[in-house]
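Source file: run.tsv. Holds: TSV, C-alpha atoms.
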chain	number	residue	atom	x	y	z
Z	1	MET	CA	85.68	77.74	107.34
Z	2	LYS	CA	88.97	77.26	105.62
Z	3	ILE	CA	92.46	78.52	106.45
Z	4	ARG	CA	94.83	79.34	103.58
Z	5	ARG	CA	97.88	81.43	102.78
Z	6	ILE	CA	97.35	85.07	101.86
Z	7	THR	CA	97.20	85.95	98.17
Z	8	PRO	CA	99.35	88.75	96.68
Z	9	ILE	CA	96.21	90.87	96.18
Z	10	GLU	CA	95.22	90.50	99.87
Z	11	LEU	CA	98.79	91.28	100.92
Z	12	GLU	CA	98.61	94.52	98.90
Z	13	LEU	CA	95.40	95.44	100.79
Z	14	VAL	CA	97.25	95.11	104.08
Z	15	LYS	CA	100.24	97.11	102.82
Z	16	SER	CA	97.97	99.84	101.43
Z	17	GLU	CA	96.41	100.31	104.89
Z	18	VAL	CA	99.88	100.66	106.41
Z	19	ALA	CA	100.75	103.24	103.73
Z	20	HIS	CA	97.43	105.09	104.24
Z	21	PHE	CA	98.42	105.87	107.83
Z	22	GLY	CA	102.09	106.47	106.99
Z	23	ALA	CA	103.12	103.88	109.57
Z	24	HIS	CA	106.19	101.68	109.82
Z	25	SER	CA	105.16	98.25	108.70
Z	26	PRO	CA	105.34	95.34	111.10
Z	27	PRO	CA	106.90	92.22	109.52
Z	28	LEU	CA	104.31	91.30	106.90
Z	29	GLU	CA	105.80	88.37	105.06
Z	30	GLU	CA	103.54	86.05	103.13
Z	31	ASP	CA	104.50	83.02	105.24
Z	32	MET	CA	103.28	84.83	108.39
Z	33	LEU	CA	99.84	85.83	107.09
Z	34	VAL	CA	96.86	83.51	106.77
Z	35	VAL	CA	93.28	84.06	105.70
Z	36	ARG	CA	90.27	82.41	107.31
Z	37	SER	CA	87.54	82.23	104.71
Z	38	GLY	CA	83.91	81.79	105.59
Z	39	ALA	CA	81.08	84.29	105.41
Z	40	TYR	CA	83.87	86.88	105.03
Z	41	ARG	CA	87.67	86.83	104.83
Z	42	GLU	CA	89.72	87.57	107.95
Z	43	ILE	CA	93.48	88.15	107.80
Z	44	PHE	CA	95.68	87.01	110.70
Z	45	LEU	CA	99.35	87.60	111.53
Z	46	LEU	CA	101.04	84.47	112.91
Z	47	THR	CA	104.59	83.27	113.44
Z	48	GLY	CA	105.92	81.27	110.49
Z	49	PRO	CA	105.75	77.80	112.14
Z	50	LEU	CA	102.29	78.47	113.58
Z	51	ALA	CA	101.01	79.59	110.16
Z	52	ALA	CA	102.18	76.31	108.61
Z	53	PHE	CA	100.62	74.30	111.44
Z	54	VAL	CA	97.25	76.08	111.28
Z	55	GLU	CA	97.07	75.78	107.50
Z	56	GLY	CA	97.38	71.99	107.78
Z	57	CYS	CA	94.64	71.57	110.42
Z	58	ASP	CA	91.47	69.72	109.46
Z	59	GLU	CA	89.40	71.86	111.83
Z	60	PRO	CA	90.44	75.54	111.97
Z	61	PRO	CA	91.06	76.96	115.47
Z	62	LEU	CA	88.69	79.53	116.90
Z	63	TYR	CA	91.51	81.85	118.00
Z	64	MET	CA	94.91	82.41	116.45
Z	65	GLY	CA	97.49	85.14	116.17
Z	66	ILE	CA	96.68	88.82	115.72
Z	67	LYS	CA	93.66	89.66	113.59
Z	68	LEU	CA	94.68	92.38	111.14
Z	69	GLY	CA	91.21	92.89	109.74
Z	70	GLU	CA	88.45	91.75	107.43
Z	71	VAL	CA	88.33	92.08	103.67
Z	72	VAL	CA	85.20	94.01	102.73
Z	73	GLY	CA	84.71	94.56	99.03
Z	74	GLU	CA	88.03	95.80	97.71
Z	75	ARG	CA	89.55	97.07	100.97
Z	76	LEU	CA	90.66	95.90	104.36
Z	77	ARG	CA	88.63	96.91	107.41
Z	78	VAL	CA	91.39	97.28	109.99
Z	79	SER	CA	90.90	95.63	113.39
Z	80	LEU	CA	91.54	97.49	116.63
Z	81	GLU	CA	94.54	95.25	117.28
Z	82	PHE	CA	96.16	96.17	113.95
Z	83	ALA	CA	95.20	99.83	114.43
Z	84	THR	CA	97.00	99.75	117.80
Z	85	MET	CA	100.12	98.46	116.06
Z	86	LEU	CA	99.87	101.16	113.39
Z	87	ALA	CA	99.12	104.03	115.81
Z	88	THR	CA	102.55	103.79	117.44
Z	89	SER	CA	104.25	104.98	114.23
Z	90	ALA	CA	101.44	106.58	112.18
Z	91	THR	CA	102.28	109.95	110.64
Z	92	ARG	CA	99.13	110.56	108.56
Z	93	HIS	CA	95.40	110.25	109.20
Z	94	VAL	CA	95.85	110.25	112.96
Z	95	VAL	CA	94.38	112.69	115.48
Z	96	ALA	CA	95.11	113.08	119.19
Z	97	LEU	CA	92.17	114.11	121.36
Z	98	ASP	CA	92.22	115.88	124.71
Z	99	GLU	CA	90.86	114.16	127.82
Z	100	ILE	CA	87.25	115.36	127.43
Z	101	ARG	CA	87.01	114.43	123.73
Z	102	SER	CA	88.76	111.11	124.41
Z	103	THR	CA	86.08	110.20	126.94
Z	104	LEU	CA	83.31	111.18	124.54
Z	105	PHE	CA	84.86	109.13	121.74
Z	106	LEU	CA	85.16	106.07	124.03
Z	107	TYR	CA	81.45	106.43	124.80
Z	108	GLY	CA	80.70	106.07	121.09
Z	109	ARG	CA	80.18	109.77	120.37
Z	110	ASP	CA	81.24	111.75	117.29
Z	111	ILE	CA	83.60	114.72	117.61
Z	112	PHE	CA	82.69	117.90	115.71
Z	113	LYS	CA	85.05	119.93	113.53
Z	114	SER	CA	85.24	122.87	115.94
Z	115	HIS	CA	87.04	120.61	118.46
Z	116	LEU	CA	89.52	119.11	115.98
Z	117	PRO	CA	92.74	120.19	114.32
Z	118	VAL	CA	92.86	120.26	110.52
Z	119	LEU	CA	92.42	116.69	109.28
Z	120	PRO	CA	92.41	115.06	105.85
Z	121	LEU	CA	89.15	113.42	104.85
Z	122	GLY	CA	88.73	109.67	105.33
Z	123	ARG	CA	89.64	106.97	107.80
Z	124	THR	CA	91.52	108.24	110.84
Z	125	LEU	CA	93.21	106.65	113.83
Z	126	VAL	CA	92.04	108.33	117.02
Z	127	THR	CA	94.46	108.49	119.95
Z	128	THR	CA	94.83	110.15	123.32
Z	129	SER	CA	97.28	113.02	123.73
Z	130	GLU	CA	99.75	110.41	125.07
Z	131	GLY	CA	99.43	108.31	121.90
Z	132	ALA	CA	97.25	105.42	123.15
Z	133	LEU	CA	94.76	104.25	120.52
Z	134	LEU	CA	91.10	104.98	121.27
Z	135	GLY	CA	89.60	103.72	118.03
Z	136	ILE	CA	88.98	104.38	114.37
Z	137	GLY	CA	86.92	107.20	112.92
Z	138	ILE	CA	85.99	108.71	109.58
Z	139	TYR	CA	86.39	112.44	109.08
Z	140	ASP	CA	83.87	113.86	106.58
Z	141	GLY	CA	84.74	117.56	106.84
Z	142	ARG	CA	82.08	118.28	109.47
Z	143	LYS	CA	82.76	115.71	112.16
Z	144	LEU	CA	84.91	112.76	113.11
Z	145	ALA	CA	82.41	109.91	113.09
Z	146	ASN	CA	83.11	107.08	115.50
Z	147	VAL	CA	83.39	103.82	113.54
Z	148	VAL	CA	84.69	101.63	116.34
Z	149	ASP	CA	86.35	102.37	119.66
Z	150	LYS	CA	87.80	100.35	122.51
Z	151	GLY	CA	84.70	101.06	124.62
Z	152	ALA	CA	82.49	99.23	122.08
Z	153	TYR	CA	83.38	95.87	123.63
Z	154	LEU	CA	81.94	96.97	126.97
Z	155	ARG	CA	78.81	98.56	125.48
Z	156	ARG	CA	78.05	95.45	123.45
Z	157	TYR	CA	77.48	93.33	126.56
Z	158	GLN	CA	75.43	95.79	128.64

Take the structure in the file and give it back as structure tokens.
Amino acid sequence: MKIRRITPIELELVKSEVAHFGAHSPPLEEDMLVVRSGAYREIFLLTGPLAAFVEGCDEPPLYMGIKLGEVVGERLRVSLEFATMLATSATRHVVALDEIRSTLFLYGRDIFKSHLPVLPLGRTLVTTSEGALLGIGIYDGRKLANVVDKGAYLRRYQ
């Protein structure tokens, strides 16, 4: 694995995800973003001095900063950590679920159209009625499919 600075194209992927959700952007300066390349590319947000330190390491660290996501094809697959940051100010492609639907979503279930407000098609941030992020879904016009939720970490190790 290799750690390097983010390229302008990768930076645009991150900014396009922020714009997709209509969120206020956290500080996304090039000197704070690094990419760990290996089997796939992961983008991390670090403080400026830490980014310079990590880039110069012979052996990349296992853990560092906040993982913003993974580059898959020509788009960024947003991590739950980055989605949590975006959900606090998102104005588009976000849906708040009631308590029953929130529980179902956290158990990995899909939510059908009859239980949802009008949503645009595509990737959607799923939150509680209080605004806490539950996960990420994709709305296809019939249902909100669960892509990843915060309960997935627990189910993975059962």

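Shortest atom-to-atom contact with Z:Arg75 among Z:Ala145, Z:Leu116, Z:Leu13, Z:Ile3: Z:Leu13, counting only C-alpha atoms.
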
Residues near Z:Glu99, anyone? I mean within 10 Å using only C-alpha atoms, not counting same-chain ones fewer than 6 positions away, as a PDB file with C-alpha atoms, in the frame of the given file.
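File written: selection.pdb
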ATOM      1  CA  PHE Z 105      84.860 109.130 121.740  1.00  0.00           C
ATOM      2  CA  THR Z 128      94.830 110.150 123.320  1.00  0.00           C
ATOM      3  CA  SER Z 129      97.280 113.020 123.730  1.00  0.00           C
TER       4      SER Z 129
END

Residues near Z:Leu68, cut-off 10 Å, all atoms listed in the file, skip fewer than 3 positions along chain, as JSON, numbers by chain:
{"Z": [14, 33, 42, 43, 44, 45, 65, 71, 76, 77, 78, 79, 80, 81, 82, 83, 85]}

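Atom CA of Z:Arg109 is positioned 6.3 Å from atom CA of Z:Asn146.
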
Item to check | Z:Val95 environment, 8 Å, only C-alpha atoms, sequence neighbours closer than 6 positions dropped, as a ChimeraX atom specification | outcome: /Z:117,119,124-127

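Across the structure, atom CA of Z:Glu55 and atom CA of Z:Lys15 are spaced 22.1 Å apart.
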
Students should find that atom CA of Z:Leu144 and atom CA of Z:Ile111 are spaced 5.1 Å

In terms of only C-alpha atoms, the residue from Z:Arg101, Z:Arg36, Z:Arg41, Z:Arg92 at minimal distance from Z:Glu74 is Z:Arg41

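Among the candidate residues Z:Leu104, Z:Leu86, Z:Val147, Z:Leu121, the one lying nearest to Z:Ala23 is Z:Leu86, with distances computed using all atoms listed in the file.
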
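Distances here use only C-alpha atoms; by that measure, the residue among Z:Ala90, Z:Leu28, Z:Leu133, Z:Leu97 closest to Z:Leu11 is Z:Leu28.
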
Find the axis-aligned box for stretch 124-131 of chain Z, covering all its listed atoms and adding 6 Å on each side, and write its centre and edge lengths in Å to one decimal as AutoDock Vina command-line options.
--center_x 95.6 --center_y 109.8 --center_z 118.0 --size_x 20.2 --size_y 18.4 --size_z 26.2

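Distance check against Z:Gly38 using only C-alpha atoms: of Z:Arg4, Z:Gly135, Z:Ala152, Z:Pro120, the minimum falls on Z:Arg4.
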
Could you complete stretch 36-55 of chain Z so that it carries N, CA and C atoms, and give it back as an mmCIF file, in the frame of the given file?
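Listed below is the output, rebuild.cif:
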data_model
loop_
_atom_site.group_PDB
_atom_site.id
_atom_site.type_symbol
_atom_site.label_atom_id
_atom_site.label_comp_id
_atom_site.auth_asym_id
_atom_site.auth_seq_id
_atom_site.Cartn_x
_atom_site.Cartn_y
_atom_site.Cartn_z
ATOM 1 N N ARG Z 36 91.354 83.341 106.959
ATOM 2 C CA ARG Z 36 90.270 82.410 107.310
ATOM 3 C C ARG Z 36 89.066 82.828 106.494
ATOM 4 N N SER Z 37 88.665 81.944 105.596
ATOM 5 C CA SER Z 37 87.540 82.230 104.710
ATOM 6 C C SER Z 37 86.289 81.560 105.251
ATOM 7 N N GLY Z 38 85.213 82.276 105.185
ATOM 8 C CA GLY Z 38 83.910 81.790 105.590
ATOM 9 C C GLY Z 38 82.886 82.729 105.011
ATOM 10 N N ALA Z 39 82.033 83.282 105.859
ATOM 11 C CA ALA Z 39 81.080 84.290 105.410
ATOM 12 C C ALA Z 39 81.821 85.527 104.908
ATOM 13 N N TYR Z 40 83.000 85.790 105.475
ATOM 14 C CA TYR Z 40 83.870 86.880 105.030
ATOM 15 C C TYR Z 40 85.308 86.440 105.265
ATOM 16 N N ARG Z 41 86.258 87.184 104.722
ATOM 17 C CA ARG Z 41 87.670 86.830 104.830
ATOM 18 C C ARG Z 41 88.333 87.642 105.938
ATOM 19 N N GLU Z 42 88.977 86.940 106.870
ATOM 20 C CA GLU Z 42 89.720 87.570 107.950
ATOM 21 C C GLU Z 42 91.202 87.289 107.749
ATOM 22 N N ILE Z 43 92.041 88.303 107.963
ATOM 23 C CA ILE Z 43 93.480 88.150 107.800
ATOM 24 C C ILE Z 43 94.134 88.153 109.176
ATOM 25 N N PHE Z 44 95.006 87.162 109.413
ATOM 26 C CA PHE Z 44 95.680 87.010 110.700
ATOM 27 C C PHE Z 44 97.191 87.019 110.507
ATOM 28 N N LEU Z 45 97.899 87.601 111.482
ATOM 29 C CA LEU Z 45 99.350 87.600 111.530
ATOM 30 C C LEU Z 45 99.774 86.532 112.524
ATOM 31 N N LEU Z 46 100.559 85.565 112.062
ATOM 32 C CA LEU Z 46 101.040 84.470 112.910
ATOM 33 C C LEU Z 46 102.542 84.344 112.758
ATOM 34 N N THR Z 47 103.178 83.604 113.654
ATOM 35 C CA THR Z 47 104.590 83.270 113.440
ATOM 36 C C THR Z 47 104.645 82.255 112.309
ATOM 37 N N GLY Z 48 105.769 82.180 111.632
ATOM 38 C CA GLY Z 48 105.920 81.270 110.490
ATOM 39 C C GLY Z 48 105.536 79.826 110.782
ATOM 40 N N PRO Z 49 106.109 79.190 111.845
ATOM 41 C CA PRO Z 49 105.750 77.800 112.140
ATOM 42 C C PRO Z 49 104.273 77.615 112.487
ATOM 43 N N LEU Z 50 103.706 78.578 113.211
ATOM 44 C CA LEU Z 50 102.290 78.470 113.580
ATOM 45 C C LEU Z 50 101.406 78.582 112.336
ATOM 46 N N ALA Z 51 101.776 79.444 111.402
ATOM 47 C CA ALA Z 51 101.010 79.590 110.160
ATOM 48 C C ALA Z 51 100.990 78.270 109.394
ATOM 49 N N ALA Z 52 102.124 77.593 109.311
ATOM 50 C CA ALA Z 52 102.180 76.310 108.610
ATOM 51 C C ALA Z 52 101.355 75.248 109.333
ATOM 52 N N PHE Z 53 101.383 75.259 110.661
ATOM 53 C CA PHE Z 53 100.620 74.300 111.440
ATOM 54 C C PHE Z 53 99.109 74.509 111.256
ATOM 55 N N VAL Z 54 98.667 75.759 111.371
ATOM 56 C CA VAL Z 54 97.250 76.080 111.280
ATOM 57 C C VAL Z 54 96.704 75.762 109.893
ATOM 58 N N GLU Z 55 97.508 76.028 108.876
ATOM 59 C CA GLU Z 55 97.070 75.780 107.500
ATOM 60 C C GLU Z 55 96.812 74.291 107.268
#
